[in-house]
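J.: Supplied in structure tokens, the structure appears directly below.
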Amino acid sequence: MEQMFYGNVKSDYQTAKTRQIKLLFLSFLVGAVMFAGGMFATFGIKAAFEMMNEREVVNSENLKEVERKTPLIDLTKIDTDKDGLSDWFEMTYGLDRYNADTDFDGYKDGSELAYGYDPTGLGRYKAEIVIDKIGVKAPVVFAKSRKEADIQDAMAKGVAHYPGTSVPGAKGNIYITGHSSDFAWTKGEYKKVFRNIYKLENGDIVKININLKNGKVIEYRYKVYKKYVVPVDDKGVWFADRDGSILTLVTSWPLDTTRERMVVRGYLIE
């Protein structure tokens, strides 16, 4: 009788323990599903997976250390006419390296180029960005000013060049931004132009083509060397300058959010 009693107690204990383990496992499973569901609901299925995979977060404080060993093309610093462009650059573009204002319109060649104006004639020059790996081909639109409204207006027509930053082939940092997503009701064919720049890897090529009014057509190639996730308020990374010619591509990240920024950097190879 005593043996039967203790046997029943032991059996009940094992049953309760098994039930408790099952309950804990079920709670864990429900928690995991709820967490994943919350991420998918917030960011979208693709964005949730991509957010987990792309987490190399960099800020302006450690950027220099991360990039210090990157090789850069040796651009000559000689600027005979003191217009902000090297002689090498001016000869490439067909500009007058002995005259700071090639087209005699009252503005220095370097200033014109920085704001998208053609130093060989009236008006703006045409520029285009091409990234074959991810199927990007879009106009580079020079924003009228650094005001948010003007940047947004430029992005509606292509990708936006930030006024005052460098230009292809010249020393300094070229800052270009484009949408990774936008509101469904927003018009335009460039709402997702930079959606896939997170897929770029070290060694991938970004091309920028320049068309001047003097007939010069120049293709510059930049090789990707780094990709970062950056806090939305740390613009020091976006505008970080270096010796040589650097290209910085920026878009909102994770996809379908504006929480952070995806930054892809490349250096001039041609």
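By convention here, the chains of the structure tokens are called A, B, ... in the order presented, each chain's residues are numbered starting at 1, and ligands are numbered starting at 1 in the order presented.
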Excluding region 133-143 of chain A and its own-chain neighbours fewer than 3 positions away, which residues fall within 6 Å of it when counting only C-alpha atoms? Please give them as a PyMOL selection string.
T.: chain A and resi 116+127-130+150-151+154+158-161
J.: Restricted to C-alpha atoms, what would the selected residues look like written as an mmCIF file, in the first residue's frame?
T.:
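That gives us again.cif:
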```
data_model
loop_
_atom_site.group_PDB
_atom_site.id
_atom_site.type_symbol
_atom_site.label_atom_id
_atom_site.label_comp_id
_atom_site.auth_asym_id
_atom_site.auth_seq_id
_atom_site.Cartn_x
_atom_site.Cartn_y
_atom_site.Cartn_z
ATOM 1 C CA GLY A 116 26.343 71.547 -60.503
ATOM 2 C CA ALA A 127 25.659 63.775 -64.457
ATOM 3 C CA GLU A 128 24.503 60.184 -64.072
ATOM 4 C CA ILE A 129 25.201 57.458 -61.527
ATOM 5 C CA VAL A 130 25.409 53.833 -62.688
ATOM 6 C CA ASP A 150 15.448 71.312 -51.857
ATOM 7 C CA ILE A 151 17.188 68.002 -51.079
ATOM 8 C CA ALA A 154 16.251 66.713 -56.005
ATOM 9 C CA GLY A 158 16.982 61.132 -59.234
ATOM 10 C CA VAL A 159 19.664 61.051 -56.555
ATOM 11 C CA ALA A 160 20.669 64.279 -54.838
ATOM 12 C CA HIS A 161 24.161 65.765 -54.766
#
```
J.: Would you pick out the contacts of region 243-258 of chain A at 6 Å or less, using only C-alpha atoms, so that residues sharing its chain but fewer than 2 positions from it are not included, and give the list as a VMD selection string?
T.: chain A and resid 47 51 72 to 73 75 170 to 181 260 to 268
J.: Do you know which residues are at most 8 Å from Ala114 (chain A) counting only C-alpha atoms, after dropping those on the same chain fewer than 3 positions away, and could you put them as a list in words?
T.: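 Counting only the stated atoms, we get Gly110, Ser111, Tyr117, Pro163, Gly164, Thr165, Ser166 and Val167 of chain A.
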J.: Which is closer to Asp101 (chain A) than all the others in A:Arg259, A:Phe89, A:Leu113, A:Asp83, using only C-alpha atoms?
T.: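 Closest candidate: A:Asp83.
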J.: Pick from A:Asp105, A:Ile218, A:Ile269, A:Ala240: nearest to Asp204 (chain A), with only C-alpha atoms counted?
T.: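 Answer, going by the shortest atom-to-atom distance: A:Ile269.
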J.: Could you tell me, as an MDAnalysis selection string, which residues of region 55-244 of chain A DSSP assigns to strand (DSSP E or B) when given the backbone?
T.: chainID A and resid 57 117 124 126:131 136:142 159:161 172:177 205:211 217:231
J.: Next, dump the selected residues to file, keeping only N, CA and C atoms, as a CSV table (one decimal), in the first residue's frame.
T.:
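And here is the file that came out, selection_25.csv:
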```csv
chain,number,residue,atom,x,y,z
A,57,VAL,N,27.9,49.2,-37.1
A,57,VAL,CA,27.6,50.6,-36.7
A,57,VAL,C,28.9,51.4,-36.5
A,117,TYR,N,27.0,73.5,-61.8
A,117,TYR,CA,27.0,74.4,-63.0
A,117,TYR,C,28.2,74.0,-63.9
A,124,ARG,N,23.7,74.1,-66.1
A,124,ARG,CA,24.2,73.0,-65.4
A,124,ARG,C,24.8,71.9,-66.3
A,126,LYS,N,25.3,67.8,-67.1
A,126,LYS,CA,24.5,66.6,-66.8
A,126,LYS,C,25.4,65.5,-66.2
A,127,ALA,N,24.9,64.8,-65.1
A,127,ALA,CA,25.7,63.8,-64.5
A,127,ALA,C,24.7,62.6,-64.2
A,128,GLU,N,25.3,61.4,-64.2
A,128,GLU,CA,24.5,60.2,-64.1
A,128,GLU,C,25.3,59.2,-63.2
A,129,ILE,N,24.6,58.5,-62.3
A,129,ILE,CA,25.2,57.5,-61.5
A,129,ILE,C,24.7,56.1,-62.1
A,130,VAL,N,25.7,55.2,-62.2
A,130,VAL,CA,25.4,53.8,-62.7
A,130,VAL,C,26.0,52.8,-61.7
A,131,ILE,N,25.2,51.9,-61.2
A,131,ILE,CA,25.7,50.8,-60.4
A,131,ILE,C,25.2,49.5,-61.0
A,136,VAL,N,21.2,50.1,-60.8
A,136,VAL,CA,20.9,51.5,-60.7
A,136,VAL,C,21.4,52.3,-61.8
A,137,LYS,N,20.6,53.2,-62.4
A,137,LYS,CA,21.0,54.1,-63.4
A,137,LYS,C,20.0,55.3,-63.2
A,138,ALA,N,20.6,56.4,-62.7
A,138,ALA,CA,19.8,57.6,-62.4
A,138,ALA,C,20.5,58.9,-62.5
A,139,PRO,N,19.8,60.0,-62.8
A,139,PRO,CA,20.4,61.3,-62.9
A,139,PRO,C,21.0,61.7,-61.5
A,140,VAL,N,22.1,62.4,-61.5
A,140,VAL,CA,22.6,63.0,-60.3
A,140,VAL,C,22.1,64.5,-60.4
A,141,VAL,N,21.2,64.8,-59.4
A,141,VAL,CA,20.5,66.1,-59.5
A,141,VAL,C,21.2,67.0,-58.4
A,142,PHE,N,21.6,68.2,-58.8
A,142,PHE,CA,22.3,69.1,-57.9
A,142,PHE,C,21.2,69.9,-57.2
A,159,VAL,N,19.0,61.0,-57.8
A,159,VAL,CA,19.7,61.1,-56.6
A,159,VAL,C,20.2,62.5,-56.4
A,160,ALA,N,20.3,62.9,-55.1
A,160,ALA,CA,20.7,64.3,-54.8
A,160,ALA,C,22.1,64.4,-54.5
A,161,HIS,N,22.8,65.4,-55.2
A,161,HIS,CA,24.2,65.8,-54.8
A,161,HIS,C,24.0,66.9,-53.8
A,172,GLY,N,38.4,65.4,-52.3
A,172,GLY,CA,37.3,65.6,-51.3
A,172,GLY,C,36.2,64.6,-51.4
A,173,ASN,N,35.2,64.8,-50.6
A,173,ASN,CA,34.1,63.8,-50.5
A,173,ASN,C,32.9,64.3,-51.3
A,174,ILE,N,32.4,63.4,-52.2
A,174,ILE,CA,31.2,63.6,-53.0
A,174,ILE,C,30.1,63.0,-52.2
A,175,TYR,N,29.1,63.8,-51.7
A,175,TYR,CA,28.0,63.2,-50.9
A,175,TYR,C,26.7,63.2,-51.8
A,176,ILE,N,26.2,61.9,-52.0
A,176,ILE,CA,25.0,61.7,-52.8
A,176,ILE,C,24.0,60.9,-52.0
A,177,THR,N,22.8,61.3,-52.0
A,177,THR,CA,21.8,60.6,-51.2
A,177,THR,C,20.6,60.3,-52.1
A,205,ILE,N,31.9,48.3,-58.1
A,205,ILE,CA,32.2,49.6,-58.8
A,205,ILE,C,30.9,50.4,-58.9
A,206,VAL,N,31.1,51.7,-58.6
A,206,VAL,CA,30.1,52.7,-58.8
A,206,VAL,C,30.6,53.7,-59.8
A,207,LYS,N,29.9,53.9,-60.9
A,207,LYS,CA,30.3,54.8,-62.0
A,207,LYS,C,29.5,56.1,-62.0
A,208,ILE,N,30.2,57.2,-62.2
A,208,ILE,CA,29.6,58.5,-62.4
A,208,ILE,C,30.0,59.1,-63.7
A,209,ASN,N,29.0,59.4,-64.6
A,209,ASN,CA,29.3,59.9,-65.9
A,209,ASN,C,29.0,61.4,-65.9
A,210,ILE,N,29.9,62.2,-66.5
A,210,ILE,CA,29.8,63.6,-66.6
A,210,ILE,C,29.7,64.0,-68.0
A,211,ASN,N,28.8,64.9,-68.4
A,211,ASN,CA,28.6,65.4,-69.7
A,211,ASN,C,28.7,66.9,-69.7
A,217,VAL,N,32.9,64.0,-72.4
A,217,VAL,CA,32.1,63.0,-71.6
A,217,VAL,C,33.1,62.1,-70.8
A,218,ILE,N,33.0,62.2,-69.5
A,218,ILE,CA,34.0,61.6,-68.7
A,218,ILE,C,33.3,60.6,-67.7
A,219,GLU,N,33.9,59.4,-67.7
A,219,GLU,CA,33.4,58.4,-66.7
A,219,GLU,C,34.4,58.2,-65.6
A,220,TYR,N,33.9,58.4,-64.4
A,220,TYR,CA,34.7,58.1,-63.2
A,220,TYR,C,34.2,56.9,-62.5
A,221,ARG,N,35.2,56.1,-62.1
A,221,ARG,CA,34.9,54.8,-61.4
A,221,ARG,C,35.4,54.9,-59.9
A,222,TYR,N,34.5,54.5,-59.0
A,222,TYR,CA,34.8,54.4,-57.6
A,222,TYR,C,34.6,53.0,-57.1
A,223,LYS,N,35.6,52.5,-56.4
A,223,LYS,CA,35.6,51.2,-55.8
A,223,LYS,C,35.1,51.2,-54.4
A,224,VAL,N,34.1,50.5,-54.1
A,224,VAL,CA,33.6,50.4,-52.7
A,224,VAL,C,34.6,49.8,-51.8
A,225,TYR,N,34.8,50.5,-50.6
A,225,TYR,CA,35.8,49.9,-49.7
A,225,TYR,C,35.2,49.8,-48.3
A,226,LYS,N,34.1,50.4,-48.0
A,226,LYS,CA,33.4,50.3,-46.7
A,226,LYS,C,31.9,50.5,-46.8
A,227,LYS,N,31.2,49.9,-45.8
A,227,LYS,CA,29.8,50.0,-45.7
A,227,LYS,C,29.5,50.1,-44.2
A,228,TYR,N,28.7,51.1,-43.9
A,228,TYR,CA,28.4,51.4,-42.4
A,228,TYR,C,26.9,51.5,-42.2
A,229,VAL,N,26.5,51.2,-41.0
A,229,VAL,CA,25.2,51.7,-40.5
A,229,VAL,C,25.5,52.8,-39.5
A,230,VAL,N,24.9,54.0,-39.7
A,230,VAL,CA,25.2,55.2,-38.9
A,230,VAL,C,24.0,55.7,-38.2
A,231,PRO,N,24.2,56.2,-37.0
A,231,PRO,CA,23.0,56.9,-36.3
A,231,PRO,C,22.5,58.0,-37.1
```
J.: Restricting the calculation to only C-alpha atoms: of A:Asn202, A:Asn214, A:Asp234, A:Gly188, which residue gets closest to Pro119 (chain A)?
T.: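 Among the listed residues, the smallest separation from Pro119 (chain A) belongs to A:Asn214.
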J.: Taking only C-alpha atoms into account, which of A:Gly169, A:Gly203, A:Gly121, A:Gly106 comes nearest Asp87 (chain A)?
T.: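 Nearest to Asp87 (chain A): A:Gly169.
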